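*Asks:* Got a file for you: entry_7.txt, compact mmCIF, N, CA, C and O atoms.
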```
# COMPACT_ATOMS: atom_id res chain seq x y z
N MET A 1 176.78 78.29 96.75
CA MET A 1 177.87 78.68 97.61
C MET A 1 178.46 77.43 98.24
O MET A 1 177.75 76.57 98.73
N ILE A 2 179.77 77.36 98.22
CA ILE A 2 180.50 76.27 98.88
C ILE A 2 181.45 76.91 99.87
O ILE A 2 182.16 77.85 99.52
N ARG A 3 181.48 76.41 101.08
CA ARG A 3 182.41 76.91 102.08
C ARG A 3 183.51 75.87 102.27
O ARG A 3 183.22 74.69 102.42
N VAL A 4 184.74 76.34 102.25
CA VAL A 4 185.88 75.46 102.45
C VAL A 4 186.60 75.92 103.71
O VAL A 4 187.03 77.06 103.79
N LEU A 5 186.71 75.04 104.67
CA LEU A 5 187.38 75.36 105.92
C LEU A 5 188.65 74.52 106.06
O LEU A 5 188.57 73.29 106.08
N GLY A 6 189.79 75.17 106.10
CA GLY A 6 191.03 74.48 106.43
C GLY A 6 191.68 73.67 105.33
O GLY A 6 192.51 72.83 105.64
N SER A 7 191.35 73.87 104.07
CA SER A 7 192.00 73.12 103.00
C SER A 7 192.60 74.09 101.99
O SER A 7 191.99 74.41 100.98
N GLY A 8 193.80 74.57 102.29
CA GLY A 8 194.48 75.49 101.41
C GLY A 8 194.73 74.92 100.03
O GLY A 8 194.61 75.62 99.03
N GLU A 9 195.04 73.64 99.96
CA GLU A 9 195.30 73.00 98.67
C GLU A 9 194.06 73.03 97.78
O GLU A 9 194.13 73.36 96.59
N LEU A 10 192.89 72.72 98.35
CA LEU A 10 191.65 72.77 97.58
C LEU A 10 191.33 74.19 97.14
O LEU A 10 190.96 74.43 95.99
N VAL A 11 191.51 75.17 98.04
CA VAL A 11 191.25 76.57 97.70
C VAL A 11 192.16 77.02 96.56
O VAL A 11 191.71 77.68 95.63
N ARG A 12 193.44 76.68 96.62
CA ARG A 12 194.37 77.04 95.55
C ARG A 12 193.95 76.42 94.22
O ARG A 12 194.02 77.07 93.18
N SER A 13 193.49 75.19 94.24
CA SER A 13 193.04 74.52 93.01
C SER A 13 191.80 75.19 92.44
O SER A 13 191.70 75.42 91.23
N LEU A 14 190.84 75.51 93.29
CA LEU A 14 189.61 76.18 92.84
C LEU A 14 189.93 77.58 92.29
O LEU A 14 189.38 78.00 91.27
N HIS A 15 190.84 78.29 92.97
CA HIS A 15 191.22 79.63 92.51
C HIS A 15 191.91 79.56 91.15
O HIS A 15 191.60 80.35 90.25
N ALA A 16 192.82 78.62 90.98
CA ALA A 16 193.54 78.47 89.71
C ALA A 16 192.58 78.16 88.56
O ALA A 16 192.82 78.57 87.42
N ALA A 17 191.48 77.48 88.86
CA ALA A 17 190.49 77.14 87.84
C ALA A 17 189.48 78.27 87.62
O ALA A 17 188.57 78.14 86.79
N GLY A 18 189.63 79.37 88.35
CA GLY A 18 188.72 80.51 88.20
C GLY A 18 187.34 80.28 88.79
O GLY A 18 186.37 80.90 88.36
N LEU A 19 187.24 79.41 89.79
CA LEU A 19 185.95 79.04 90.35
C LEU A 19 185.60 79.76 91.65
O LEU A 19 184.55 79.50 92.23
N VAL A 20 186.48 80.66 92.11
CA VAL A 20 186.22 81.37 93.36
C VAL A 20 185.80 82.80 93.03
O VAL A 20 186.48 83.51 92.32
N GLU A 21 184.63 83.21 93.54
CA GLU A 21 184.14 84.57 93.35
C GLU A 21 184.41 85.45 94.56
O GLU A 21 184.55 86.66 94.44
N GLU A 22 184.45 84.83 95.74
CA GLU A 22 184.59 85.62 96.97
C GLU A 22 185.34 84.82 98.03
O GLU A 22 185.17 83.61 98.14
N TYR A 23 186.16 85.52 98.81
CA TYR A 23 186.85 84.94 99.96
C TYR A 23 186.36 85.65 101.21
O TYR A 23 186.25 86.88 101.22
N VAL A 24 186.07 84.90 102.25
CA VAL A 24 185.81 85.46 103.57
C VAL A 24 186.90 84.89 104.48
O VAL A 24 186.97 83.68 104.67
N LEU A 25 187.76 85.77 104.99
CA LEU A 25 188.89 85.34 105.80
C LEU A 25 188.73 85.84 107.22
O LEU A 25 188.39 87.00 107.43
N LEU A 26 188.98 84.97 108.18
CA LEU A 26 188.99 85.34 109.59
C LEU A 26 190.45 85.39 110.03
O LEU A 26 191.15 84.36 109.98
N ILE A 27 190.92 86.57 110.40
CA ILE A 27 192.32 86.78 110.73
C ILE A 27 192.41 86.94 112.25
O ILE A 27 191.91 87.91 112.81
N HIS A 28 193.07 85.97 112.89
CA HIS A 28 193.20 85.96 114.34
C HIS A 28 194.50 86.63 114.76
O HIS A 28 195.53 86.40 114.14
N PRO A 29 194.48 87.44 115.83
CA PRO A 29 195.67 88.17 116.26
C PRO A 29 196.65 87.29 117.05
O PRO A 29 196.88 87.49 118.24
N ILE A 30 197.19 86.28 116.37
CA ILE A 30 198.12 85.35 117.01
C ILE A 30 199.36 85.24 116.12
O ILE A 30 199.24 85.05 114.91
N VAL A 31 200.53 85.33 116.72
CA VAL A 31 201.76 85.18 115.96
C VAL A 31 202.34 83.81 116.29
O VAL A 31 202.69 83.53 117.43
N LEU A 32 202.43 82.96 115.27
CA LEU A 32 202.93 81.61 115.49
C LEU A 32 204.34 81.42 114.92
O LEU A 32 204.97 80.42 115.19
N GLY A 33 204.79 82.34 114.09
CA GLY A 33 206.15 82.25 113.57
C GLY A 33 206.26 81.68 112.18
O GLY A 33 207.18 82.00 111.46
N SER A 34 205.34 80.82 111.78
CA SER A 34 205.40 80.27 110.43
C SER A 34 204.02 79.75 110.06
O SER A 34 203.12 79.69 110.89
N GLY A 35 203.90 79.37 108.83
CA GLY A 35 202.62 78.84 108.37
C GLY A 35 202.63 78.68 106.87
O GLY A 35 203.57 79.06 106.19
N THR A 36 201.56 78.12 106.35
CA THR A 36 201.42 77.91 104.92
C THR A 36 200.72 79.11 104.31
O THR A 36 199.72 79.58 104.84
N ARG A 37 201.24 79.59 103.19
CA ARG A 37 200.61 80.71 102.50
C ARG A 37 199.33 80.25 101.82
O ARG A 37 199.26 79.13 101.32
N LEU A 38 198.34 81.14 101.80
CA LEU A 38 197.09 80.81 101.11
C LEU A 38 197.33 80.72 99.61
O LEU A 38 196.82 79.84 98.93
N PHE A 39 198.16 81.64 99.09
CA PHE A 39 198.52 81.63 97.67
C PHE A 39 200.01 81.36 97.57
O PHE A 39 200.76 81.59 98.51
N GLY A 40 200.45 80.88 96.42
CA GLY A 40 201.85 80.51 96.23
C GLY A 40 202.80 81.69 96.33
O GLY A 40 202.41 82.85 96.25
N GLU A 41 204.06 81.39 96.51
CA GLU A 41 205.11 82.40 96.61
C GLU A 41 205.14 83.26 95.36
O GLU A 41 205.24 82.75 94.24
N GLY A 42 205.01 84.57 95.54
CA GLY A 42 205.07 85.50 94.42
C GLY A 42 203.82 85.54 93.55
O GLY A 42 203.73 86.32 92.63
N GLU A 43 202.84 84.71 93.84
CA GLU A 43 201.60 84.66 93.05
C GLU A 43 200.68 85.80 93.46
O GLU A 43 200.54 86.11 94.64
N ARG A 44 200.06 86.46 92.50
CA ARG A 44 199.12 87.54 92.78
C ARG A 44 197.71 87.02 92.61
O ARG A 44 197.38 86.41 91.61
N ALA A 45 196.86 87.26 93.61
CA ALA A 45 195.51 86.72 93.60
C ALA A 45 194.50 87.67 92.95
O ALA A 45 193.45 87.23 92.53
N GLY A 46 194.79 88.96 92.88
CA GLY A 46 193.86 89.91 92.27
C GLY A 46 192.56 90.03 93.04
O GLY A 46 191.49 89.78 92.51
N LEU A 47 192.64 90.43 94.31
CA LEU A 47 191.46 90.54 95.17
C LEU A 47 191.15 91.99 95.46
O LEU A 47 192.04 92.84 95.53
N THR A 48 189.86 92.29 95.67
CA THR A 48 189.41 93.61 96.05
C THR A 48 188.67 93.51 97.38
O THR A 48 187.71 92.75 97.50
N LEU A 49 189.13 94.27 98.38
CA LEU A 49 188.49 94.26 99.69
C LEU A 49 187.10 94.86 99.60
O LEU A 49 186.92 95.97 99.11
N GLN A 50 186.10 94.13 100.08
CA GLN A 50 184.71 94.58 100.07
C GLN A 50 184.25 95.02 101.46
O GLN A 50 183.43 95.92 101.59
N GLU A 51 184.79 94.35 102.50
CA GLU A 51 184.32 94.62 103.86
C GLU A 51 185.36 94.13 104.85
O GLU A 51 186.03 93.13 104.61
N ALA A 52 185.51 94.85 105.96
CA ALA A 52 186.39 94.42 107.04
C ALA A 52 185.73 94.78 108.36
O ALA A 52 185.33 95.93 108.57
N ILE A 53 185.59 93.80 109.23
CA ILE A 53 184.94 94.00 110.53
C ILE A 53 185.89 93.46 111.60
O ILE A 53 186.41 92.36 111.46
N THR A 54 186.09 94.23 112.65
CA THR A 54 186.91 93.77 113.78
C THR A 54 185.97 93.40 114.92
O THR A 54 185.14 94.21 115.33
N THR A 55 186.12 92.19 115.44
CA THR A 55 185.27 91.74 116.55
C THR A 55 185.84 92.24 117.88
O THR A 55 186.95 92.77 117.94
N THR A 56 185.09 92.05 118.94
CA THR A 56 185.54 92.50 120.27
C THR A 56 186.75 91.71 120.76
O THR A 56 187.46 92.17 121.65
N THR A 57 187.00 90.53 120.19
CA THR A 57 188.16 89.73 120.59
C THR A 57 189.38 90.01 119.72
O THR A 57 190.43 89.39 119.90
N GLY A 58 189.26 90.93 118.76
CA GLY A 58 190.39 91.29 117.91
C GLY A 58 190.47 90.53 116.60
O GLY A 58 191.35 90.79 115.79
N VAL A 59 189.57 89.59 116.37
CA VAL A 59 189.55 88.86 115.10
C VAL A 59 189.03 89.81 114.02
O VAL A 59 188.05 90.52 114.22
N VAL A 60 189.72 89.84 112.88
CA VAL A 60 189.28 90.68 111.76
C VAL A 60 188.64 89.77 110.72
O VAL A 60 189.26 88.81 110.26
N ILE A 61 187.39 90.06 110.38
CA ILE A 61 186.66 89.30 109.37
C ILE A 61 186.67 90.14 108.10
O ILE A 61 186.17 91.25 108.09
N THR A 62 187.27 89.61 107.04
CA THR A 62 187.37 90.35 105.79
C THR A 62 186.65 89.60 104.68
O THR A 62 186.57 88.36 104.69
N ARG A 63 186.11 90.36 103.75
CA ARG A 63 185.44 89.78 102.58
C ARG A 63 186.08 90.39 101.35
O ARG A 63 186.14 91.61 101.20
N TYR A 64 186.61 89.53 100.48
CA TYR A 64 187.27 89.95 99.25
C TYR A 64 186.55 89.37 98.03
O TYR A 64 186.11 88.22 98.06
N ARG A 65 186.44 90.14 96.97
CA ARG A 65 185.94 89.66 95.68
C ARG A 65 187.13 89.46 94.76
O ARG A 65 188.10 90.21 94.81
N THR A 66 187.04 88.45 93.92
CA THR A 66 188.09 88.23 92.93
C THR A 66 187.84 89.13 91.74
O THR A 66 186.71 89.52 91.47
N LYS A 67 188.91 89.48 91.04
CA LYS A 67 188.78 90.37 89.86
C LYS A 67 188.49 89.57 88.62
O LYS A 67 188.77 88.43 88.50
```
How does the structure come out when it is put into structure tokens?
*Replies:*
Amino acid sequence: MIRVLGSGELVRSLHAAGLVEEYVLLIHPIVLGSGTRLFGEGERAGLTLQEAITTTTGVVITRYRTK
């Protein structure tokens, strides 16, 4: 298992090479107005939601498997 924190470019490269089996995403309830997409514009990642947990602070922790 390798954990990647904060490097969207590396994650996109690993995904394109078919090396990612699972994503764990922490979604914070903050609206900033803009940001970088995890996947490219119009690109489909083919993910299946396995688990979603909401913390007491409103953060949603999701676990996705790749197809």
*Asks:* Which value, in Å to one decimal, gives the distance between atom O of Val4 (chain A) and atom N of Arg37 (chain A)?
*Replies:* 14.4 Å
*Asks:* Could you check the closest approach to Thr66 (chain A) for each of A:Leu38, A:Leu47, A:Ala52, A:Ala16 and tell me which residue wins, using only C-alpha atoms?
*Replies:*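 Closest to Thr66 (chain A) of all the choices is A:Leu47.
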*Asks:* Using only C-alpha atoms, determine which residues lie at most 6 Å from Ile61 (chain A), disregarding the query and same-chain residues fewer than 6 positions distant; provide the list as a list in words.
*Replies:* Leu25, Leu26, Ala52 and Ile53 of chain A
*Asks:* Going by DSSP on the backbone, which bits of chain A are helix (DSSP H, G or I)? Write them as a PyMOL selection string, please.
*Replies:* chain A and resi 8-16
*Asks:* Taking all atoms of region 50-64 of chain A that the file lists, what box with edges along x, y and z, padded by 8 Å per side, do you get, with centre and edge lengths in Å to one decimal, as lines of an AutoDock Vina configuration file?
*Replies:*
```
center_x = 187.4
center_y = 92.1
center_z = 109.8
size_x = 23.9
size_y = 23.7
size_z = 39.6
```
*Asks:* Measuring between only C-alpha atoms, which one of A:Leu32, A:Leu19, A:Leu49, A:Ile27 shows the shortest distance to Met1 (chain A)?
*Replies:*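 Nearest candidate to Met1 (chain A) out of A:Leu32, A:Leu19, A:Leu49, A:Ile27: A:Leu19.
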*Asks:* Could you tell me how far CA of Val31 (chain A) sits from CA of Leu14 (chain A), in Å to one decimal place?
*Replies:*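 For CA of Leu14 (chain A) relative to CA of Val31 (chain A), the distance reads 27.6 Å.
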*Asks:* Can you work out the spacing between atom O of Thr62 (chain A) and atom C of Glu22 (chain A) in Å, to one decimal?
*Replies:*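 Separation between atom O of Thr62 (chain A) and atom C of Glu22 (chain A): 7.6 Å.
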*Asks:* Write out as a VMD selection string each polymer residue whose atoms come within 12 Å of Thr36 (chain A), counting only C-alpha atoms; drop sequence neighbours fewer than 6 positions from it.
*Replies:* chain A and resid 6 to 9 12
*Asks:* For Arg63 (chain A), which of A:Val24, A:Arg44, A:Ser13, A:Pro29 is the closest residue, counting only N, CA, C and O atoms?
*Replies:*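 Answer, going by the shortest atom-to-atom distance: A:Val24.
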*Asks:* According to DSSP computed on the backbone, where in chain A is there strand (DSSP E or B)? Give the residues as an MDAnalysis selection string.
*Replies:* chainID A and resid 22:27 47:54 60:66
*Asks:* Give me the residues within 12 Å of Ile30 (chain A) as a short mmCIF file (atom, residue, chain, number, x, y, z; two decimals) with N, CA, C and O atoms, in the coordinates of the input, counting only C-alpha atoms and dropping any in the same chain fewer than 5 places off.
*Replies:*
```cif
data_model
loop_
_atom_site.label_atom_id
_atom_site.label_comp_id
_atom_site.auth_asym_id
_atom_site.auth_seq_id
_atom_site.Cartn_x
_atom_site.Cartn_y
_atom_site.Cartn_z
N GLY A 35 203.90 79.37 108.83
CA GLY A 35 202.62 78.84 108.37
C GLY A 35 202.63 78.68 106.87
O GLY A 35 203.57 79.06 106.19
N THR A 57 187.00 90.53 120.19
CA THR A 57 188.16 89.73 120.59
C THR A 57 189.38 90.01 119.72
O THR A 57 190.43 89.39 119.90
N GLY A 58 189.26 90.93 118.76
CA GLY A 58 190.39 91.29 117.91
C GLY A 58 190.47 90.53 116.60
O GLY A 58 191.35 90.79 115.79
N VAL A 59 189.57 89.59 116.37
CA VAL A 59 189.55 88.86 115.10
C VAL A 59 189.03 89.81 114.02
O VAL A 59 188.05 90.52 114.22
N VAL A 60 189.72 89.84 112.88
CA VAL A 60 189.28 90.68 111.76
C VAL A 60 188.64 89.77 110.72
O VAL A 60 189.26 88.81 110.26
#
```
*Asks:* Could you rebuild region 28-39 of chain A with all heavy atoms and give it back as a PDB file, in the coordinates of the input?
*Replies:*
```
ATOM      1  N   HIS A  28     193.070  85.970 112.890  1.00  0.00           N
ATOM      2  CA  HIS A  28     193.200  85.960 114.340  1.00  0.00           C
ATOM      3  C   HIS A  28     194.500  86.630 114.760  1.00  0.00           C
ATOM      4  O   HIS A  28     195.530  86.400 114.140  1.00  0.00           O
ATOM      5  CB  HIS A  28     193.166  84.512 114.864  1.00  0.00           C
ATOM      6  CG  HIS A  28     191.856  83.843 114.606  1.00  0.00           C
ATOM      7  ND1 HIS A  28     190.887  83.753 115.568  1.00  0.00           N
ATOM      8  CD2 HIS A  28     191.339  83.259 113.498  1.00  0.00           C
ATOM      9  CE1 HIS A  28     189.834  83.124 115.064  1.00  0.00           C
ATOM     10  NE2 HIS A  28     190.095  82.824 113.810  1.00  0.00           N
ATOM     11  N   PRO A  29     194.480  87.440 115.830  1.00  0.00           N
ATOM     12  CA  PRO A  29     195.670  88.170 116.260  1.00  0.00           C
ATOM     13  C   PRO A  29     196.650  87.290 117.050  1.00  0.00           C
ATOM     14  O   PRO A  29     196.880  87.490 118.240  1.00  0.00           O
ATOM     15  CB  PRO A  29     195.098  89.289 117.121  1.00  0.00           C
ATOM     16  CG  PRO A  29     193.866  88.686 117.713  1.00  0.00           C
ATOM     17  CD  PRO A  29     193.315  87.792 116.621  1.00  0.00           C
ATOM     18  N   ILE A  30     197.190  86.280 116.370  1.00  0.00           N
ATOM     19  CA  ILE A  30     198.120  85.350 117.010  1.00  0.00           C
ATOM     20  C   ILE A  30     199.360  85.240 116.120  1.00  0.00           C
ATOM     21  O   ILE A  30     199.240  85.050 114.910  1.00  0.00           O
ATOM     22  CB  ILE A  30     197.495  83.944 117.175  1.00  0.00           C
ATOM     23  CG1 ILE A  30     196.254  84.019 118.052  1.00  0.00           C
ATOM     24  CG2 ILE A  30     198.502  82.962 117.741  1.00  0.00           C
ATOM     25  CD1 ILE A  30     195.472  82.720 118.112  1.00  0.00           C
ATOM     26  N   VAL A  31     200.530  85.330 116.720  1.00  0.00           N
ATOM     27  CA  VAL A  31     201.760  85.180 115.960  1.00  0.00           C
ATOM     28  C   VAL A  31     202.340  83.810 116.290  1.00  0.00           C
ATOM     29  O   VAL A  31     202.690  83.530 117.430  1.00  0.00           O
ATOM     30  CB  VAL A  31     202.780  86.295 116.308  1.00  0.00           C
ATOM     31  CG1 VAL A  31     204.080  86.086 115.552  1.00  0.00           C
ATOM     32  CG2 VAL A  31     202.179  87.649 116.004  1.00  0.00           C
ATOM     33  N   LEU A  32     202.430  82.960 115.270  1.00  0.00           N
ATOM     34  CA  LEU A  32     202.930  81.610 115.490  1.00  0.00           C
ATOM     35  C   LEU A  32     204.340  81.420 114.920  1.00  0.00           C
ATOM     36  O   LEU A  32     204.970  80.420 115.190  1.00  0.00           O
ATOM     37  CB  LEU A  32     201.987  80.576 114.856  1.00  0.00           C
ATOM     38  CG  LEU A  32     200.577  80.554 115.442  1.00  0.00           C
ATOM     39  CD1 LEU A  32     199.696  79.588 114.660  1.00  0.00           C
ATOM     40  CD2 LEU A  32     200.618  80.162 116.905  1.00  0.00           C
ATOM     41  N   GLY A  33     204.790  82.340 114.090  1.00  0.00           N
ATOM     42  CA  GLY A  33     206.150  82.250 113.570  1.00  0.00           C
ATOM     43  C   GLY A  33     206.260  81.680 112.180  1.00  0.00           C
ATOM     44  O   GLY A  33     207.180  82.000 111.460  1.00  0.00           O
ATOM     45  N   SER A  34     205.340  80.820 111.780  1.00  0.00           N
ATOM     46  CA  SER A  34     205.400  80.270 110.430  1.00  0.00           C
ATOM     47  C   SER A  34     204.020  79.750 110.060  1.00  0.00           C
ATOM     48  O   SER A  34     203.120  79.690 110.890  1.00  0.00           O
ATOM     49  CB  SER A  34     206.431  79.140 110.340  1.00  0.00           C
ATOM     50  OG  SER A  34     206.019  78.054 111.134  1.00  0.00           O
ATOM     51  N   GLY A  35     203.900  79.370 108.830  1.00  0.00           N
ATOM     52  CA  GLY A  35     202.620  78.840 108.370  1.00  0.00           C
ATOM     53  C   GLY A  35     202.630  78.680 106.870  1.00  0.00           C
ATOM     54  O   GLY A  35     203.570  79.060 106.190  1.00  0.00           O
ATOM     55  N   THR A  36     201.560  78.120 106.350  1.00  0.00           N
ATOM     56  CA  THR A  36     201.420  77.910 104.920  1.00  0.00           C
ATOM     57  C   THR A  36     200.720  79.110 104.310  1.00  0.00           C
ATOM     58  O   THR A  36     199.720  79.580 104.840  1.00  0.00           O
ATOM     59  CB  THR A  36     200.590  76.640 104.650  1.00  0.00           C
ATOM     60  OG1 THR A  36     201.208  75.545 105.313  1.00  0.00           O
ATOM     61  CG2 THR A  36     200.496  76.353 103.168  1.00  0.00           C
ATOM     62  N   ARG A  37     201.240  79.590 103.190  1.00  0.00           N
ATOM     63  CA  ARG A  37     200.610  80.710 102.500  1.00  0.00           C
ATOM     64  C   ARG A  37     199.330  80.250 101.820  1.00  0.00           C
ATOM     65  O   ARG A  37     199.260  79.130 101.320  1.00  0.00           O
ATOM     66  CB  ARG A  37     201.547  81.277 101.433  1.00  0.00           C
ATOM     67  CG  ARG A  37     202.768  81.937 101.995  1.00  0.00           C
ATOM     68  CD  ARG A  37     203.675  82.380 100.839  1.00  0.00           C
ATOM     69  NE  ARG A  37     204.803  83.101 101.329  1.00  0.00           N
ATOM     70  CZ  ARG A  37     204.881  84.428 101.417  1.00  0.00           C
ATOM     71  NH1 ARG A  37     203.863  85.151 101.016  1.00  0.00           N
ATOM     72  NH2 ARG A  37     205.942  85.018 101.884  1.00  0.00           N
ATOM     73  N   LEU A  38     198.340  81.140 101.800  1.00  0.00           N
ATOM     74  CA  LEU A  38     197.090  80.810 101.110  1.00  0.00           C
ATOM     75  C   LEU A  38     197.330  80.720  99.610  1.00  0.00           C
ATOM     76  O   LEU A  38     196.820  79.840  98.930  1.00  0.00           O
ATOM     77  CB  LEU A  38     196.015  81.852 101.414  1.00  0.00           C
ATOM     78  CG  LEU A  38     194.645  81.628 100.780  1.00  0.00           C
ATOM     79  CD1 LEU A  38     194.075  80.270 101.192  1.00  0.00           C
ATOM     80  CD2 LEU A  38     193.695  82.738 101.158  1.00  0.00           C
ATOM     81  N   PHE A  39     198.160  81.640  99.090  1.00  0.00           N
ATOM     82  CA  PHE A  39     198.520  81.630  97.670  1.00  0.00           C
ATOM     83  C   PHE A  39     200.010  81.360  97.570  1.00  0.00           C
ATOM     84  O   PHE A  39     200.760  81.590  98.510  1.00  0.00           O
ATOM     85  CB  PHE A  39     198.164  82.961  97.016  1.00  0.00           C
ATOM     86  CG  PHE A  39     196.702  83.285  97.138  1.00  0.00           C
ATOM     87  CD1 PHE A  39     196.257  84.206  98.063  1.00  0.00           C
ATOM     88  CD2 PHE A  39     195.770  82.635  96.345  1.00  0.00           C
ATOM     89  CE1 PHE A  39     194.910  84.490  98.199  1.00  0.00           C
ATOM     90  CE2 PHE A  39     194.416  82.909  96.473  1.00  0.00           C
ATOM     91  CZ  PHE A  39     193.990  83.831  97.398  1.00  0.00           C
TER      92      PHE A  39
END
```
